[in-house]
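Beneath this line is the structure, given in structure tokens, with notes to follow.
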Amino acid sequence: MASADEPLTSAGYIKHHLTNLTYGQHPDGSWGFAHSAEEAAEMGFMSLHVDSMAWSIGLGVIFLALFRRAASRATAGVPGNWQNFVEIIVEFIDDTTESIFNHKNDLIAPLALTIFVWVFLMNLMDLVPVDWVPELAKLFGIHYMKIVPSTDPNITMAMALSVFALILYYSIKCKGVGGFLAELSFHPFPSKLLVPVNFVLEFVTLIAKPLSLGLRLFGNLYAGEMIFVLIALMFSAGIVFAMAGGVFQFVWAAFHLIVITLQAFVFAVLTIVYLAQAHDTDEH
């Protein structure tokens, strides 16, 4: 597996924690794991962030297993604590979907539920102390390990582009190719002379949807991870800084719990809003 010999400096520590376990093509044409942050960057497009992929898939499997367990053990009698918890989440997302999405589509609520829970679980990994899993991974010869998939723009943009594909699909399905192009060409100004202006404005608005989904999630979680890494540095700066770091870490974790929940909710709600707009066939 990958190995690394980063200097034990603040800059080296930060760089190490912000580097993914990367597998890809080396400049000499061979394939393998990157041994440094610089080598990972050189791989460019021909690379795979193995840790982000593994953690995101693993958390998705955990989500499916936990909710399947609740569904398989659901009872009409007195429900257990786990069934109660799952029902609260399902009802919350269902009510949110009904308040925003006024069309008939049985996919939207389950999609929003999946996005909310999956993104929340990925964000939740940010509360695991930054050194625990990487240090454990080192015992198995893995010297890079990022465990928060939503701090990787490859993951957040992949989810955003998946939603964007659904936006395009339902826009064309519900409005037709002509209706979709007309929406891009005659809004906000109905004049035919302003079609080029309308198209530029609407095209930018359309492209902004996946960017707002993916980059907002990435930016907020990446900033949160960076703060946790900076706080972790305080534990090696003497007992006074270590005690202050403990306080800061607790306070930031408590605040960040709100952030990770809110970001999962925002991603789910924006997905519902954008798909509602895709289904909307009203004339402008």
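Residue numbering restarts at 1 for every chain of the structure tokens, chains are lettered A, B, ... in their displayed order, and ligands are numbered from 1 as they appear.
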Considering only C-alpha atoms, return as a list in words whatever protein or nucleic-acid residues lie within 7 Å of Leu21 (chain A), sequence-local ones (same chain, fewer than 4 positions apart) excluded.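 Here the qualifying residues turn out to be His49, Val50, Asp51, Tyr144 and Met145 of chain A.
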Taking 3 positions as the minimum chain separation for residues in the same chain, which residues sit within 9 Å of Tyr222 (chain A) when counting only C-alpha atoms? Answer as a PyMOL selection string. chain A and resi 148+150-152+217-219+225-227
Output of the above residues as a CSV table (one decimal), in the first residue's frame, restricted to all heavy atoms:
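The result, written out as out-v2.csv:
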chain,number,residue,atom,x,y,z
A,148,VAL,N,-13.8,11.2,5.7
A,148,VAL,CA,-15.0,12.0,5.5
A,148,VAL,C,-15.3,12.2,4.0
A,148,VAL,O,-14.7,13.1,3.4
A,148,VAL,CB,-14.9,13.4,6.2
A,148,VAL,CG1,-16.2,14.1,6.2
A,148,VAL,CG2,-14.4,13.2,7.6
A,150,SER,N,-17.5,13.5,2.2
A,150,SER,CA,-18.1,14.8,1.8
A,150,SER,C,-17.1,15.9,1.8
A,150,SER,O,-17.4,17.0,1.5
A,150,SER,CB,-19.3,15.1,2.6
A,150,SER,OG,-19.1,15.0,4.0
A,151,THR,N,-15.8,15.6,2.2
A,151,THR,CA,-14.7,16.6,2.1
A,151,THR,C,-14.0,16.4,0.8
A,151,THR,O,-13.0,17.1,0.6
A,151,THR,CB,-13.8,16.5,3.3
A,151,THR,OG1,-13.2,15.2,3.3
A,151,THR,CG2,-14.5,16.8,4.6
A,152,ASP,N,-14.4,15.5,0.0
A,152,ASP,CA,-13.8,15.2,-1.3
A,152,ASP,C,-14.7,15.7,-2.4
A,152,ASP,O,-15.9,15.2,-2.5
A,152,ASP,CB,-13.6,13.7,-1.4
A,152,ASP,CG,-12.8,13.3,-2.7
A,152,ASP,OD1,-12.7,14.2,-3.6
A,152,ASP,OD2,-12.2,12.2,-2.7
A,217,LEU,N,-21.7,21.7,-0.2
A,217,LEU,CA,-21.5,20.6,0.8
A,217,LEU,C,-20.0,20.4,1.0
A,217,LEU,O,-19.5,20.3,2.1
A,217,LEU,CB,-22.1,19.3,0.2
A,217,LEU,CG,-21.9,18.0,1.1
A,217,LEU,CD1,-22.5,18.2,2.5
A,217,LEU,CD2,-22.5,16.8,0.4
A,218,PHE,N,-19.2,20.4,-0.1
A,218,PHE,CA,-17.8,20.2,0.0
A,218,PHE,C,-17.1,21.3,0.8
A,218,PHE,O,-16.3,21.1,1.7
A,218,PHE,CB,-17.1,20.1,-1.4
A,218,PHE,CG,-15.7,20.4,-1.4
A,218,PHE,CD1,-14.8,19.5,-0.9
A,218,PHE,CD2,-15.2,21.6,-1.9
A,218,PHE,CE1,-13.4,19.7,-0.9
A,218,PHE,CE2,-13.8,21.9,-1.9
A,218,PHE,CZ,-12.9,20.9,-1.4
A,219,GLY,N,-17.5,22.6,0.5
A,219,GLY,CA,-16.9,23.7,1.2
A,219,GLY,C,-17.1,23.7,2.7
A,219,GLY,O,-16.2,24.0,3.4
A,225,GLU,N,-13.4,20.2,8.6
A,225,GLU,CA,-12.3,19.2,8.8
A,225,GLU,C,-11.0,20.0,9.1
A,225,GLU,O,-10.2,19.6,9.9
A,225,GLU,CB,-12.2,18.3,7.6
A,225,GLU,CG,-11.1,17.3,7.7
A,225,GLU,CD,-10.8,16.5,6.4
A,225,GLU,OE1,-10.9,17.1,5.3
A,225,GLU,OE2,-10.6,15.3,6.5
A,226,MET,N,-10.8,21.1,8.3
A,226,MET,CA,-9.6,21.8,8.5
A,226,MET,C,-9.5,22.4,9.9
A,226,MET,O,-8.4,22.4,10.6
A,226,MET,CB,-9.5,23.0,7.5
A,226,MET,CG,-8.4,23.9,7.7
A,226,MET,SD,-6.8,23.1,7.4
A,226,MET,CE,-6.8,23.1,5.6
A,227,ILE,N,-10.6,22.8,10.5
A,227,ILE,CA,-10.6,23.4,11.9
A,227,ILE,C,-10.3,22.2,12.9
A,227,ILE,O,-9.5,22.5,13.8
A,227,ILE,CB,-11.9,24.0,12.2
A,227,ILE,CG1,-12.1,25.3,11.4
A,227,ILE,CG2,-12.0,24.3,13.7
A,227,ILE,CD1,-13.4,26.0,11.5
Within 12 Å of Ala165 (chain A), counting only C-alpha atoms, which residues show up once you throw out same-chain ones fewer than 5 positions away? Write them as a VMD selection string, please. chain A and resid 157 to 160 170 to 172 206 to 207 209 to 210 271 274 to 275 278
Neighbours of Gly80 (chain A) within 10 Å (only C-alpha atoms; same-chain residues fewer than 6 positions away dropped), as a VMD selection string? chain A and resid 70 73 to 74
Please identify every residue of region 23-112 of chain A that has at least one atom no farther than 10 Å from an atom of region 253-269 of chain A, counting only C-alpha atoms, and for each give the shortest atom pair and the distance in Å to one decimal, arranged by chain then increasing number, as JSON lines.
{"residue": "A:Ile93", "atom": "CA", "partner": "A:Ala268", "partner_atom": "CA", "distance": 8.7}
{"residue": "A:Thr96", "atom": "CA", "partner": "A:Val269", "partner_atom": "CA", "distance": 7.8}
{"residue": "A:Thr97", "atom": "CA", "partner": "A:Val269", "partner_atom": "CA", "distance": 7.8}
{"residue": "A:Ile100", "atom": "CA", "partner": "A:Val269", "partner_atom": "CA", "distance": 8.4}
{"residue": "A:Ile108", "atom": "CA", "partner": "A:Ala268", "partner_atom": "CA", "distance": 10.0}
{"residue": "A:Ala109", "atom": "CA", "partner": "A:Ala268", "partner_atom": "CA", "distance": 9.6}
{"residue": "A:Leu111", "atom": "CA", "partner": "A:Ala268", "partner_atom": "CA", "distance": 8.3}
{"residue": "A:Ala112", "atom": "CA", "partner": "A:Ala268", "partner_atom": "CA", "distance": 5.1}
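Between CA of Pro188 (chain A) and CA of Val204 (chain A) the interatomic distance comes to 12.9 Å.
When CA of Pro27 (chain A) is paired with CA of Lys146 (chain A), their separation reads 23.9 Å.
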What's the 9 Å shell around region 230-247 of chain A, counting only C-alpha atoms, without same-chain residues fewer than 6 positions away, as an mmCIF file with all heavy atoms, in the first residue's frame?
data_model
loop_
_atom_site.group_PDB
_atom_site.id
_atom_site.type_symbol
_atom_site.label_atom_id
_atom_site.label_comp_id
_atom_site.auth_asym_id
_atom_site.auth_seq_id
_atom_site.Cartn_x
_atom_site.Cartn_y
_atom_site.Cartn_z
ATOM 1 N N SER A 10 3.992 21.346 11.337
ATOM 2 C CA SER A 10 2.571 21.690 11.259
ATOM 3 C C SER A 10 2.069 21.591 9.823
ATOM 4 O O SER A 10 0.996 21.035 9.570
ATOM 5 C CB SER A 10 2.346 23.103 11.803
ATOM 6 O OG SER A 10 2.682 23.176 13.170
ATOM 7 N N TYR A 13 1.881 17.943 8.793
ATOM 8 C CA TYR A 13 0.754 17.283 9.464
ATOM 9 C C TYR A 13 -0.553 17.614 8.759
ATOM 10 O O TYR A 13 -1.381 16.730 8.501
ATOM 11 C CB TYR A 13 0.712 17.735 10.923
ATOM 12 C CG TYR A 13 -0.419 17.150 11.743
ATOM 13 C CD1 TYR A 13 -0.290 15.900 12.333
ATOM 14 C CD2 TYR A 13 -1.594 17.862 11.930
ATOM 15 C CE1 TYR A 13 -1.315 15.367 13.094
ATOM 16 C CE2 TYR A 13 -2.627 17.340 12.692
ATOM 17 C CZ TYR A 13 -2.493 16.097 13.273
ATOM 18 O OH TYR A 13 -3.518 15.578 14.019
ATOM 19 N N ILE A 14 -0.754 18.895 8.448
ATOM 20 C CA ILE A 14 -1.981 19.324 7.779
ATOM 21 C C ILE A 14 -2.079 18.701 6.393
ATOM 22 O O ILE A 14 -3.127 18.172 6.005
ATOM 23 C CB ILE A 14 -2.031 20.861 7.686
ATOM 24 C CG1 ILE A 14 -2.159 21.468 9.084
ATOM 25 C CG2 ILE A 14 -3.196 21.309 6.811
ATOM 26 C CD1 ILE A 14 -2.026 22.973 9.117
ATOM 27 N N PRO A 129 -12.315 11.777 15.945
ATOM 28 C CA PRO A 129 -11.018 12.461 16.091
ATOM 29 C C PRO A 129 -10.097 12.183 14.912
ATOM 30 O O PRO A 129 -9.966 11.025 14.469
ATOM 31 C CB PRO A 129 -10.475 11.876 17.403
ATOM 32 C CG PRO A 129 -11.711 11.586 18.203
ATOM 33 C CD PRO A 129 -12.729 11.101 17.197
ATOM 34 N N VAL A 130 -9.464 13.233 14.423
ATOM 35 C CA VAL A 130 -8.768 13.167 13.139
ATOM 36 C C VAL A 130 -7.632 12.150 13.092
ATOM 37 O O VAL A 130 -7.261 11.687 12.006
ATOM 38 C CB VAL A 130 -8.229 14.563 12.746
ATOM 39 C CG1 VAL A 130 -9.366 15.534 12.518
ATOM 40 C CG2 VAL A 130 -7.258 15.094 13.798
ATOM 41 N N ASP A 131 -7.046 11.784 14.227
ATOM 42 C CA ASP A 131 -5.895 10.875 14.215
ATOM 43 C C ASP A 131 -6.264 9.416 14.445
ATOM 44 O O ASP A 131 -5.430 8.538 14.205
ATOM 45 C CB ASP A 131 -4.877 11.292 15.285
ATOM 46 C CG ASP A 131 -4.102 12.541 14.890
ATOM 47 O OD1 ASP A 131 -3.738 12.646 13.710
ATOM 48 O OD2 ASP A 131 -3.889 13.408 15.750
#
Please extract the residues of region 47-202 of chain A with a backbone DSSP assignment of alpha helix (DSSP H) and present them as a tab-separated table (two decimals) with N, CA and C atoms, in the first residue's frame.
chain	number	residue	atom	x	y	z
A	50	VAL	N	-9.33	6.11	-3.19
A	50	VAL	CA	-9.81	4.83	-2.69
A	50	VAL	C	-10.53	4.99	-1.35
A	51	ASP	N	-9.98	5.85	-0.47
A	51	ASP	CA	-10.59	6.01	0.85
A	51	ASP	C	-11.98	6.64	0.74
A	52	SER	N	-12.12	7.69	-0.05
A	52	SER	CA	-13.43	8.34	-0.22
A	52	SER	C	-14.44	7.37	-0.79
A	53	MET	N	-14.02	6.60	-1.80
A	53	MET	CA	-14.92	5.64	-2.43
A	53	MET	C	-15.34	4.55	-1.44
A	54	ALA	N	-14.36	4.02	-0.70
A	54	ALA	CA	-14.66	2.93	0.23
A	54	ALA	C	-15.57	3.39	1.37
A	55	TRP	N	-15.27	4.56	1.95
A	55	TRP	CA	-16.08	5.04	3.07
A	55	TRP	C	-17.49	5.42	2.61
A	56	SER	N	-17.63	6.03	1.46
A	56	SER	CA	-18.96	6.41	1.00
A	56	SER	C	-19.82	5.19	0.70
A	57	ILE	N	-19.23	4.18	0.05
A	57	ILE	CA	-19.97	2.95	-0.23
A	57	ILE	C	-20.29	2.22	1.06
A	58	GLY	N	-19.30	2.15	1.96
A	58	GLY	CA	-19.52	1.46	3.23
A	58	GLY	C	-20.63	2.11	4.05
A	59	LEU	N	-20.65	3.43	4.10
A	59	LEU	CA	-21.69	4.13	4.85
A	59	LEU	C	-23.05	3.96	4.18
A	60	GLY	N	-23.05	3.88	2.85
A	60	GLY	CA	-24.31	3.62	2.14
A	60	GLY	C	-24.85	2.24	2.47
A	61	VAL	N	-23.96	1.26	2.56
A	61	VAL	CA	-24.38	-0.10	2.93
A	61	VAL	C	-24.92	-0.13	4.36
A	62	ILE	N	-24.26	0.59	5.26
A	62	ILE	CA	-24.73	0.66	6.65
A	62	ILE	C	-26.13	1.29	6.70
A	63	PHE	N	-26.33	2.36	5.95
A	63	PHE	CA	-27.64	3.00	5.88
A	63	PHE	C	-28.72	2.02	5.43
A	64	LEU	N	-28.44	1.29	4.35
A	64	LEU	CA	-29.41	0.33	3.83
A	64	LEU	C	-29.68	-0.78	4.83
A	65	ALA	N	-28.64	-1.27	5.47
A	65	ALA	CA	-28.80	-2.37	6.43
A	65	ALA	C	-29.62	-1.93	7.64
A	66	LEU	N	-29.35	-0.75	8.17
A	66	LEU	CA	-30.06	-0.26	9.35
A	66	LEU	C	-31.53	0.00	9.05
A	67	PHE	N	-31.82	0.59	7.91
A	67	PHE	CA	-33.22	0.88	7.57
A	67	PHE	C	-33.96	-0.39	7.15
A	68	ARG	N	-33.26	-1.33	6.53
A	68	ARG	CA	-33.90	-2.61	6.20
A	68	ARG	C	-34.24	-3.37	7.48
A	69	ARG	N	-33.36	-3.27	8.46
A	69	ARG	CA	-33.62	-3.92	9.75
A	69	ARG	C	-34.87	-3.35	10.39
A	70	ALA	N	-35.01	-2.03	10.32
A	70	ALA	CA	-36.20	-1.39	10.90
A	70	ALA	C	-37.45	-1.81	10.15
A	71	ALA	N	-37.35	-1.89	8.81
A	71	ALA	CA	-38.52	-2.26	8.01
A	71	ALA	C	-38.92	-3.72	8.24
A	72	SER	N	-37.92	-4.59	8.34
A	72	SER	CA	-38.23	-6.02	8.50
A	72	SER	C	-38.78	-6.34	9.88
A	81	ASN	N	-37.49	1.47	19.93
A	81	ASN	CA	-36.83	2.76	19.81
A	81	ASN	C	-36.29	3.01	18.40
A	82	TRP	N	-35.69	1.98	17.81
A	82	TRP	CA	-35.11	2.15	16.49
A	82	TRP	C	-36.21	2.38	15.44
A	83	GLN	N	-37.30	1.63	15.54
A	83	GLN	CA	-38.41	1.84	14.61
A	83	GLN	C	-38.98	3.25	14.76
A	84	ASN	N	-39.10	3.70	15.99
A	84	ASN	CA	-39.58	5.06	16.23
A	84	ASN	C	-38.68	6.10	15.57
A	85	PHE	N	-37.38	5.91	15.74
A	85	PHE	CA	-36.40	6.85	15.18
A	85	PHE	C	-36.49	6.89	13.66
A	86	VAL	N	-36.54	5.72	13.04
A	86	VAL	CA	-36.62	5.65	11.58
A	86	VAL	C	-37.93	6.26	11.08
A	87	GLU	N	-39.02	5.98	11.78
A	87	GLU	CA	-40.31	6.53	11.36
A	87	GLU	C	-40.32	8.06	11.46
A	88	ILE	N	-39.65	8.60	12.46
A	88	ILE	CA	-39.57	10.06	12.60
A	88	ILE	C	-38.84	10.67	11.40
A	89	ILE	N	-37.71	10.05	11.02
A	89	ILE	CA	-36.95	10.55	9.87
A	89	ILE	C	-37.76	10.44	8.59
A	90	VAL	N	-38.39	9.28	8.38
A	90	VAL	CA	-39.18	9.06	7.16
A	90	VAL	C	-40.34	10.05	7.08
A	91	GLU	N	-41.05	10.23	8.18
A	91	GLU	CA	-42.18	11.16	8.18
A	91	GLU	C	-41.71	12.60	7.98
A	92	PHE	N	-40.57	12.95	8.57
A	92	PHE	CA	-40.04	14.30	8.41
A	92	PHE	C	-39.71	14.59	6.95
A	93	ILE	N	-39.01	13.67	6.30
A	93	ILE	CA	-38.65	13.86	4.90
A	93	ILE	C	-39.90	13.81	4.02
A	94	ASP	N	-40.84	12.93	4.33
A	94	ASP	CA	-42.08	12.83	3.55
A	94	ASP	C	-42.88	14.13	3.64
A	95	ASP	N	-43.00	14.69	4.84
A	95	ASP	CA	-43.72	15.96	5.02
A	95	ASP	C	-43.01	17.09	4.29
A	96	THR	N	-41.68	17.10	4.37
A	96	THR	CA	-40.91	18.13	3.66
A	96	THR	C	-41.12	18.03	2.16
A	97	THR	N	-41.10	16.81	1.64
A	97	THR	CA	-41.30	16.60	0.21
A	97	THR	C	-42.69	17.05	-0.23
A	98	GLU	N	-43.71	16.69	0.54
A	98	GLU	CA	-45.08	17.07	0.18
A	98	GLU	C	-45.29	18.58	0.21
A	99	SER	N	-44.56	19.27	1.08
A	99	SER	CA	-44.73	20.72	1.17
A	99	SER	C	-44.05	21.46	0.02
A	100	ILE	N	-43.13	20.79	-0.66
A	100	ILE	CA	-42.37	21.43	-1.74
A	100	ILE	C	-42.76	20.89	-3.11
A	108	ILE	N	-39.36	10.76	-5.67
A	108	ILE	CA	-38.77	11.94	-5.05
A	108	ILE	C	-38.56	11.79	-3.55
A	109	ALA	N	-39.57	11.35	-2.82
A	109	ALA	CA	-39.43	11.21	-1.36
A	109	ALA	C	-38.36	10.19	-0.98
A	110	PRO	N	-38.36	8.98	-1.58
A	110	PRO	CA	-37.27	8.03	-1.26
A	110	PRO	C	-35.89	8.57	-1.64
A	111	LEU	N	-35.81	9.31	-2.75
A	111	LEU	CA	-34.54	9.90	-3.16
A	111	LEU	C	-34.08	10.92	-2.12
A	112	ALA	N	-34.99	11.77	-1.67
A	112	ALA	CA	-34.64	12.78	-0.66
A	112	ALA	C	-34.23	12.12	0.65
A	113	LEU	N	-34.93	11.04	1.02
A	113	LEU	CA	-34.58	10.31	2.25
A	113	LEU	C	-33.18	9.71	2.13
A	114	THR	N	-32.89	9.10	0.99
A	114	THR	CA	-31.57	8.50	0.77
A	114	THR	C	-30.48	9.54	0.84
A	115	ILE	N	-30.70	10.67	0.17
A	115	ILE	CA	-29.69	11.73	0.17
A	115	ILE	C	-29.47	12.26	1.57
A	116	PHE	N	-30.55	12.53	2.29
A	116	PHE	CA	-30.42	13.11	3.63
A	116	PHE	C	-29.65	12.20	4.57
A	117	VAL	N	-30.02	10.93	4.64
A	117	VAL	CA	-29.38	10.02	5.58
A	117	VAL	C	-27.95	9.70	5.14
A	118	TRP	N	-27.76	9.47	3.86
A	118	TRP	CA	-26.43	9.11	3.36
A	118	TRP	C	-25.45	10.26	3.56
A	119	VAL	N	-25.86	11.47	3.18
A	119	VAL	CA	-24.98	12.63	3.36
A	119	VAL	C	-24.73	12.89	4.84
A	120	PHE	N	-25.76	12.71	5.67
A	120	PHE	CA	-25.57	12.90	7.11
A	120	PHE	C	-24.53	11.93	7.65
A	121	LEU	N	-24.59	10.67	7.25
A	121	LEU	CA	-23.63	9.68	7.73
A	121	LEU	C	-22.21	10.03	7.27
A	122	MET	N	-22.08	10.47	6.03
A	122	MET	CA	-20.75	10.87	5.54
A	122	MET	C	-20.23	12.07	6.31
A	123	ASN	N	-21.11	13.04	6.56
A	123	ASN	CA	-20.72	14.22	7.33
A	123	ASN	C	-20.38	13.86	8.77
A	124	LEU	N	-21.10	12.89	9.32
A	124	LEU	CA	-20.91	12.51	10.71
A	124	LEU	C	-19.51	11.99	10.99
A	132	TRP	N	-7.47	9.14	14.91
A	132	TRP	CA	-7.80	7.78	15.30
A	132	TRP	C	-7.71	6.80	14.12
A	133	VAL	N	-8.49	7.00	13.10
A	133	VAL	CA	-8.53	6.06	11.98
A	133	VAL	C	-7.23	6.09	11.16
A	134	PRO	N	-6.66	7.27	10.85
A	134	PRO	CA	-5.37	7.27	10.13
A	134	PRO	C	-4.27	6.52	10.87
A	135	GLU	N	-4.20	6.69	12.20
A	135	GLU	CA	-3.17	5.97	12.95
A	135	GLU	C	-3.43	4.47	12.95
A	136	LEU	N	-4.69	4.09	13.01
A	136	LEU	CA	-5.03	2.67	12.93
A	136	LEU	C	-4.69	2.11	11.56
A	137	ALA	N	-4.94	2.90	10.52
A	137	ALA	CA	-4.63	2.46	9.16
A	137	ALA	C	-3.14	2.24	8.97
A	138	LYS	N	-2.31	3.06	9.65
A	138	LYS	CA	-0.86	2.91	9.54
A	138	LYS	C	-0.39	1.54	9.99
A	153	PRO	N	-14.33	16.69	-3.18
A	153	PRO	CA	-15.22	17.22	-4.22
A	153	PRO	C	-15.63	16.18	-5.25
A	154	ASN	N	-14.83	15.13	-5.40
A	154	ASN	CA	-15.21	14.06	-6.33
A	154	ASN	C	-16.50	13.39	-5.88
A	155	ILE	N	-16.67	13.22	-4.58
A	155	ILE	CA	-17.87	12.58	-4.05
A	155	ILE	C	-19.06	13.53	-4.11
A	156	THR	N	-18.88	14.74	-3.63
A	156	THR	CA	-20.01	15.68	-3.59
A	156	THR	C	-20.47	16.06	-5.00
A	157	MET	N	-19.53	16.25	-5.92
A	157	MET	CA	-19.93	16.60	-7.28
A	157	MET	C	-20.53	15.41	-8.03
A	158	ALA	N	-20.10	14.20	-7.69
A	158	ALA	CA	-20.71	13.02	-8.30
A	158	ALA	C	-22.17	12.91	-7.89
A	159	MET	N	-22.47	13.17	-6.62
A	159	MET	CA	-23.85	13.16	-6.16
A	159	MET	C	-24.63	14.30	-6.82
A	160	ALA	N	-24.03	15.48	-6.91
A	160	ALA	CA	-24.70	16.62	-7.51
A	160	ALA	C	-24.99	16.38	-8.99
A	161	LEU	N	-24.06	15.78	-9.70
A	161	LEU	CA	-24.26	15.50	-11.13
A	161	LEU	C	-25.31	14.42	-11.34
A	162	SER	N	-25.43	13.50	-10.39
A	162	SER	CA	-26.50	12.49	-10.47
A	162	SER	C	-27.87	13.15	-10.36
A	163	VAL	N	-27.99	14.10	-9.43
A	163	VAL	CA	-29.22	14.86	-9.30
A	163	VAL	C	-29.46	15.69	-10.56
A	164	PHE	N	-28.40	16.28	-11.10
A	164	PHE	CA	-28.52	17.09	-12.31
A	164	PHE	C	-29.02	16.26	-13.49
A	165	ALA	N	-28.56	15.02	-13.58
A	165	ALA	CA	-29.04	14.14	-14.65
A	165	ALA	C	-30.54	13.90	-14.51
A	166	LEU	N	-31.03	13.76	-13.29
A	166	LEU	CA	-32.47	13.60	-13.06
A	166	LEU	C	-33.22	14.88	-13.42
A	167	ILE	N	-32.61	16.03	-13.12
A	167	ILE	CA	-33.24	17.31	-13.46
A	167	ILE	C	-33.43	17.40	-14.97
A	168	LEU	N	-32.40	17.07	-15.74
A	168	LEU	CA	-32.50	17.12	-17.20
A	168	LEU	C	-33.51	16.09	-17.71
A	169	TYR	N	-33.49	14.91	-17.13
A	169	TYR	CA	-34.40	13.84	-17.57
A	169	TYR	C	-35.86	14.24	-17.38
A	170	TYR	N	-36.18	14.72	-16.17
A	170	TYR	CA	-37.58	15.07	-15.91
A	170	TYR	C	-37.98	16.37	-16.59
A	171	SER	N	-37.05	17.27	-16.82
A	171	SER	CA	-37.37	18.49	-17.57
A	171	SER	C	-37.80	18.15	-18.99
A	172	ILE	N	-37.08	17.24	-19.62
A	172	ILE	CA	-37.42	16.84	-20.99
A	172	ILE	C	-38.65	15.94	-21.00
A	173	LYS	N	-38.76	15.04	-20.02
A	173	LYS	CA	-39.91	14.13	-19.97
A	173	LYS	C	-41.22	14.88	-19.76
A	174	CYS	N	-41.21	15.85	-18.85
A	174	CYS	CA	-42.44	16.55	-18.50
A	174	CYS	C	-42.77	17.69	-19.46
A	175	LYS	N	-41.77	18.32	-20.04
A	175	LYS	CA	-42.00	19.49	-20.89
A	175	LYS	C	-41.75	19.21	-22.37
A	176	GLY	N	-41.10	18.09	-22.65
A	176	GLY	CA	-40.71	17.82	-24.02
A	176	GLY	C	-39.45	18.58	-24.38
A	177	VAL	N	-38.78	18.15	-25.42
A	177	VAL	CA	-37.56	18.83	-25.84
A	177	VAL	C	-37.85	20.28	-26.20
A	178	GLY	N	-38.95	20.48	-26.94
A	178	GLY	CA	-39.32	21.84	-27.34
A	178	GLY	C	-39.65	22.72	-26.15
A	179	GLY	N	-40.40	22.17	-25.20
A	179	GLY	CA	-40.76	22.94	-24.02
A	179	GLY	C	-39.55	23.29	-23.17
A	180	PHE	N	-38.62	22.34	-23.05
A	180	PHE	CA	-37.41	22.59	-22.28
A	180	PHE	C	-36.56	23.68	-22.92
A	181	LEU	N	-36.41	23.60	-24.26
A	181	LEU	CA	-35.64	24.63	-24.96
A	181	LEU	C	-36.34	25.98	-24.93
A	182	ALA	N	-37.67	25.94	-25.00
A	182	ALA	CA	-38.43	27.19	-24.91
A	182	ALA	C	-38.26	27.84	-23.55
A	183	GLU	N	-38.19	27.02	-22.51
A	183	GLU	CA	-37.98	27.55	-21.17
A	183	GLU	C	-36.63	28.24	-21.07
A	184	LEU	N	-35.64	27.69	-21.74
A	184	LEU	CA	-34.31	28.29	-21.73
A	184	LEU	C	-34.25	29.54	-22.60
A	185	SER	N	-35.12	29.60	-23.61
A	185	SER	CA	-35.01	30.67	-24.61
A	185	SER	C	-35.92	31.87	-24.38
A	195	VAL	N	-33.75	36.22	-27.16
A	195	VAL	CA	-33.50	34.78	-26.97
A	195	VAL	C	-32.05	34.50	-26.57
A	196	PRO	N	-31.04	35.10	-27.23
A	196	PRO	CA	-29.65	34.83	-26.81
A	196	PRO	C	-29.38	35.24	-25.37
A	197	VAL	N	-29.95	36.38	-24.96
A	197	VAL	CA	-29.76	36.82	-23.58
A	197	VAL	C	-30.44	35.85	-22.62
A	198	ASN	N	-31.67	35.47	-22.95
A	198	ASN	CA	-32.40	34.52	-22.10
A	198	ASN	C	-31.65	33.20	-21.97
A	199	PHE	N	-31.14	32.73	-23.10
A	199	PHE	CA	-30.46	31.43	-23.09
A	199	PHE	C	-29.22	31.46	-22.20
A	200	VAL	N	-28.46	32.53	-22.29
A	200	VAL	CA	-27.27	32.66	-21.44
A	200	VAL	C	-27.66	32.69	-19.97
A	201	LEU	N	-28.67	33.48	-19.63
A	201	LEU	CA	-29.10	33.61	-18.23
A	201	LEU	C	-29.63	32.29	-17.69
A	202	GLU	N	-30.49	31.62	-18.47
A	202	GLU	CA	-31.09	30.37	-18.01
A	202	GLU	C	-30.07	29.23	-17.99
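Using only C-alpha atoms, the shortest contact distance between His187 (chain A) and any of A:Ala223, A:Phe203, A:Phe140, A:Leu127 is found at A:Phe203.
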Give me, as number ranges by chain, the residues of region 2-226 of chain A that a backbone DSSP run labels strand (DSSP E). A: 22-25, 31-33, 47-49
Restrict the selected residues to C-alpha atoms and save them as a CSV table (one decimal), in the first residue's frame.
chain,number,residue,atom,x,y,z
A,22,THR,CA,-4.9,7.7,-4.2
A,23,TYR,CA,-4.6,4.9,-6.7
A,24,GLY,CA,-3.8,5.8,-10.3
A,25,GLN,CA,-1.3,6.0,-13.2
A,31,TRP,CA,-0.3,1.9,-11.9
A,32,GLY,CA,-0.2,2.0,-8.1
A,33,PHE,CA,-0.8,4.0,-4.9
A,47,SER,CA,-6.6,8.4,-10.3
A,48,LEU,CA,-9.1,7.1,-7.8
A,49,HIS,CA,-9.5,8.3,-4.2
